[in-house]
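Engineer: Got a structure here, written out as structure tokens. Questions coming.
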Amino acid sequence: MTTLMAILVLGSMALLFGAILGFASVKFHVEGDPLAEQVDALLPQTQCGQCGYPGCKPYAEAVAIGEAINKCAPGGEDTIKKIADLMGVEPPPLDENHDTDNSPKVAFIIEEDCIGCTKCIQACPVDAILGTTKQMHTIIADECTGCDLCVEPCPVDCIVMIPIAKTPQNWQWDLNNIPVVQLD
Amino acid sequence: MGSVIERIKRGHFWTFHGGIHPPEQKFLTTDKPIRAVSIPEQLILPLQQHIGISADLQVNVGDKVLKGQALTKSTHPMAVPIHAPTSGTISAIKNAVIAHPSGLSELCLFITPDGEDKWRERKICTDLAKLTDNDLIDKISSAGISGMGGAGFPTQVKVSTHEKIKFLIINAAECEPYITADDLLIREHSPSILDGINILDSILSPEHILIGIEDNKPEAIKVLQQTTANNEKIQVCVLPTKYPTGGEKQLIQLLTGQEVPAGVLPSSLGIVMQNIATCFAIADAVINDIPLIKRVVTVSGQALQKPQNVWSLLGTPVGYLLEQCGYPNKDKKHIIMGGPMMGYSLPTDQVPVVKTTNCILAPSEKEISSPYSTGTGEVECIRCGQCSDVCPAQLLPQELQWSAKAKDHQQLNKLNLFDCIECGACAYVCPSQIPLVNYYRIAKSEIRQQTQLDIKAEHARVRFEARKERLARDKIAREEKQKAAAEARKARMNSGTTEAKNEMSAVAQALARVKAKKAQTNTQTPSNEETPLANVGQRSQVAAAIARAKAKKLAAQQNMTVEKTTLVDESSNSEQAVVDKKAKIAAAVAKAKARKLAEKTPVKQVNVGDTATDLKVEQVSNTEKTVVDKKTKIAAAVAKAKARKLVDQQAKLAATPSDEITNEPPKSEST
């Protein structure tokens with residue numbers, strides 16, 4: 001009798017909890033991978049493809065399922081550190097296939113050389129190039145992420161990457177680097 | 001509300017947390033009148049001298065300008081115009097070092113004065129009552145007035161607030177050591193200041209006007225009390241001297257007991273604060289039609305022979321003012337713009353005086369040693385807690401310092417770094433001489449930069465996704481268009497008109513042509529059909545040869561093992577066997593290669609067949625020859641194909657298909 005009671009009680013409890021869990025999994029169902037979203041938020045969104053993925057989101061998704069976290073060249077050490085913090089792993093050094101120069105740049109079209117082929121427009125991941133067939137193109141500097149992707153397809157090599165100039169507005173205090181000029 | 005005024009009338013004020021009492025050093029300049037200095041040889045006017053954005057340039061190089069003429073035009077509330085401080089010629093418009101701690105260059109106008117100091121036409125206003133509030137605000141805005149206390153916030157933004165104003169606070173505290181510019185201005189020009197206050201009163205119509213002044217300026221207090229004696233609305237509030245009383249939030253707390261919450265403008269609390277020098281500039285602009293072209297600058301410091309307050313034209317190089325005040329050349333080492341607490345060292349003495357420059361300090365090495373010549377002398381924090389005792393914003397400076405050094409931005413935000421007013425009280429009391437404020441400034445600019453980057457990244461992500469969506473949409477649209485076109489074509493062809501019949505017959509003809517071509521290629525293949533047969537025979541022979549080779553190999557191996565077990569001396573023999581075997585293997589490999597090649601190149605099938613029939617181990621040299629023959633032929637074919645490709649590419653590049661090119665492919669095919 002007691003055995004039967006035990007089986008009955010435990011069985012009904014199992015059923016109850018099973019029902020709760022089943023309900024919760026439907027009710028609190030999460031669309032997509034939250035980790036990929038979090039990683040995506042940390043990436044610099046240059047959409048440069050240097051990691052081997054067509055954009056930051058695909059790389060974030062790949063990282064979420066185990067891709068190496070040190071492939072983002074524009075993000076550099078800072079981004080690797082942030083992703084490592086998020087994933088709870090040791091931050092590895094930047095992938096050696098990438099150059100470490102991640103200073104912010106902006107693309108510039110030498111307009112007199114532009115032949116209006118629209119190849120750069122097709123390459124731009126953020127639609128930051130203005131122009132149409134056989135018309136001169138130009139870069140919308142504020143939208144440019146400095147990803148470099150337009151430089152390669154240009155048949156006349158009229159796109160150059162210009163480092164963003166330091167102005168008093170974006171200047172960063174650096175105690176060791178304040179210019180000192182002897183005043184005599 | 002009543003209680004606030006009652007308290008103030010009784011002379012009781014609130015207090016703010018912390019604060020310090022640095023040596024005042026005001027005696028250096030407080031007893032001398034404001035001196036007018038002559039016009040320098042060149043004036044340098046940065047386009048932007050305030051918080052906000054620079055206005056649009058209105059003049060060109062070589063233009064003659066009159067005194068007071070507007071050089072830039074404002075199209076935005078946060079853009080403040082600048083004016084020519086004297087008559088002369090625009091000699092250059094180029095980048096020059098500006099008054100900024102970075103020592104970076106920005107666009108500046110260079111004016112070479114003609115010495116005539118000739119005014120543009122001025123309209124002096126005699127009856128203030130005729131002007132509406134909007135007229136007054138327009139005048140303030142077009143006179144290019146921005147806050148003259150240090151931060152340089154555009155004045156017209158402050159005065160055009162729509163909030164109901166309870167208190168208009170006039171800041172005359174001047175709490176920084178050394179600076180006496182406001183003190184002297186009050187003593188010499190109190191009627192004008194009162195006019196300015198009255199103008200602000202008519203625009204903002206506050207309930208009360210409070211003038212906050214520290215008790216270390218007895219003469220100025222007396223003058224102010226005398227000037228405002230007839231005005232019930234104005235209260236002169238004499239505050240105990242303590243740094244930083246002159247901070248906006250600190251002064252508001254002292255006078256009204258209210259704390260301004262983080263990220264909130266005082267105007268939302270019904271409070272507007274103006275510097276007393278700004279009031280003077282407003283009066284000058286509205287009544288005398290004099291835009292902001294000059295200001296009082298305290299030129300002080302023990303390195304100077306004649307420290308004094310001067311009326312300086314905006315754009316005057318700092319070096320010129322120092323020269324006028326007796327700065328010994330040999331000592332030119334350390335110049336500070338602003339007070340000793342909040343100022344910054346200048347990289348060169350060619351930096352111009354701007355709207356916010358209230359002080360130029362040339363201290364002797366003993367007074368304030370240059371951080372560049374001696375180093376900061378910073379040692380480890382000993383956790384004494386003095387910094388948090390003096391912090392007027394009630395922050396935790398030592399905690400902030402550690403987080404700033406560790407670049408822990410999250411923690412810095414949690415510790416309210418952005419409530420730091422950078423007054424420097426913590427660094428002043430620090431026994432370890434840690435330049436705390438510098439660390440906060442670095443951290444602040446890093447966080448601002450990071451925020452900007454985050455915004456930009458988010459923007460880029462949105463654009464990237466929008467583009468992806470657009471491409472997908474375009475693709476679908478294209479496919480649908482193609483589908484629709486195909487369907488339309490089908491429908492047209494089935495419609496039964498003569499055109500459709502023509503079209504159909506054309507299609508039928510094309511199909512027939514394709515079929516004919518196919519048939520041709522089919523008839524061509526049978527001519528090669530002999531080769532597969534030959535191949536079969538050949539294969540069986542090759543298989544036999546391989547089998548023979550294998551059998552021989554096995555025998556050789558067996559021989560080897562036998563020999564090895566029986567006689568050590570016969571190793572030379574076994575070696576020979578190995579050499580034999582190797583030769584045989586090589587022959588077999590050569591044969592296999594030949595066969596492969598034979599299969600690949602059906603053109604020379606007969607030849608291969610010949611060699612295949614004679615395939616014997618000894619005929620290695622023969623097959624090799626044929627292999628070489630074939631190789632050269634293949635190479636030739638490859639070269640031809642490449643040449644053809646090249647020609648094709650050139651044709652594409654030139655985008656002019658010529659007869660030559662269309663003739664080329666059949667030629668190469670025939671070969």
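Residue numbering restarts at 1 for every chain of the structure tokens, chains are lettered A, B, ... in their displayed order, and ligands are numbered from 1 as they appear.
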With the cut-off set at 6 Å and counting only C-alpha atoms, tabulate each residue of chain B with an atom at most that distance from an atom of chain A, showing the nearest atom pair and its distance in Å to one decimal, ordered by chain and increasing number, as a Markdown table.
Structural biologist:
| residue | atom | partner | partner_atom | distance |
| --- | --- | --- | --- | --- |
| B:Lys332 | CA | A:Leu183 | CA | 5.7 |
| B:Lys333 | CA | A:Leu183 | CA | 5.9 |
| B:Pro347 | CA | A:Val181 | CA | 5.3 |
| B:Thr348 | CA | A:Leu183 | CA | 5.8 |
| B:Ile442 | CA | A:Trp173 | CA | 4.7 |
| B:Ser445 | CA | A:Gln172 | CA | 5.6 |
| B:Ala457 | CA | A:Gln45 | CA | 5.0 |
| B:Ala460 | CA | A:Gln45 | CA | 6.0 |
| B:Arg461 | CA | A:Gln45 | CA | 5.6 |
| B:Arg463 | CA | A:Val126 | CA | 5.2 |
| B:Phe464 | CA | A:Val126 | CA | 4.7 |
Engineer: Tell me, in Å to one decimal, how far CA of Leu28 in chain B is from CA of Pro307 in chain B.
Structural biologist: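 These two atoms are separated by 6.4 Å.
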Engineer: Would you mind telling me which residue in B:Leu128, B:Met148, B:Leu66, B:Ala283 lies nearest to Pro191 in chain B when using only C-alpha atoms?
Structural biologist: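 Using only C-alpha atoms, the shortest distance to Pro191 in chain B belongs to B:Ala283.
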Engineer: Give me the residues near Met136 in chain A as a short mmCIF file (atom, residue, chain, number, x, y, z; two decimals) with C-alpha atoms, in the first residue's frame, where near means some atom within 8 Å (using only C-alpha atoms) and where sequence neighbours in that chain fewer than 3 positions away do not count.
Structural biologist:
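Below is the file that was written, result20.cif:
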data_model
loop_
_atom_site.label_atom_id
_atom_site.label_comp_id
_atom_site.auth_asym_id
_atom_site.auth_seq_id
_atom_site.Cartn_x
_atom_site.Cartn_y
_atom_site.Cartn_z
CA GLU A 111 37.03 62.28 -57.52
CA GLU A 112 38.89 63.36 -60.67
CA CYS A 114 36.69 58.14 -60.61
CA ILE A 115 35.23 56.58 -63.76
CA GLY A 116 31.82 55.88 -62.30
CA GLY A 131 26.98 57.88 -57.10
CA THR A 132 25.63 56.14 -60.15
#
Engineer: Between CA of Trp14 in chain B and CA of Leu239 in chain B, what distance in Å does the model show, to one decimal?
Structural biologist: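 Spanning CA of Trp14 in chain B to CA of Leu239 in chain B is a straight-line distance of 9.7 Å.
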Engineer: Within 12 Å of Glu121 in chain B, counting only C-alpha atoms, which residues qualify if same-chain residues fewer than 5 places away don't, as a list in words?
Structural biologist: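 My list of contacting residues is Leu66, Lys67, Gly68, Gln69, Asn288, Asp289 and Ile290 of chain B.
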Engineer: Show me, as JSON, numbers by chain, the residues that have an atom within 8 Å of Val160 in chain A when counting only C-alpha atoms, minus same-chain residues fewer than 4 positions from it.
Structural biologist: {"A": [107, 108, 109, 110, 151]}
Engineer: If I take CA of Gln350 in chain B and CA of Thr89 in chain B, how far is one from the other in Å, to one decimal?
Structural biologist: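 Calculated distance between CA of Gln350 in chain B and CA of Thr89 in chain B is 19.2 Å.
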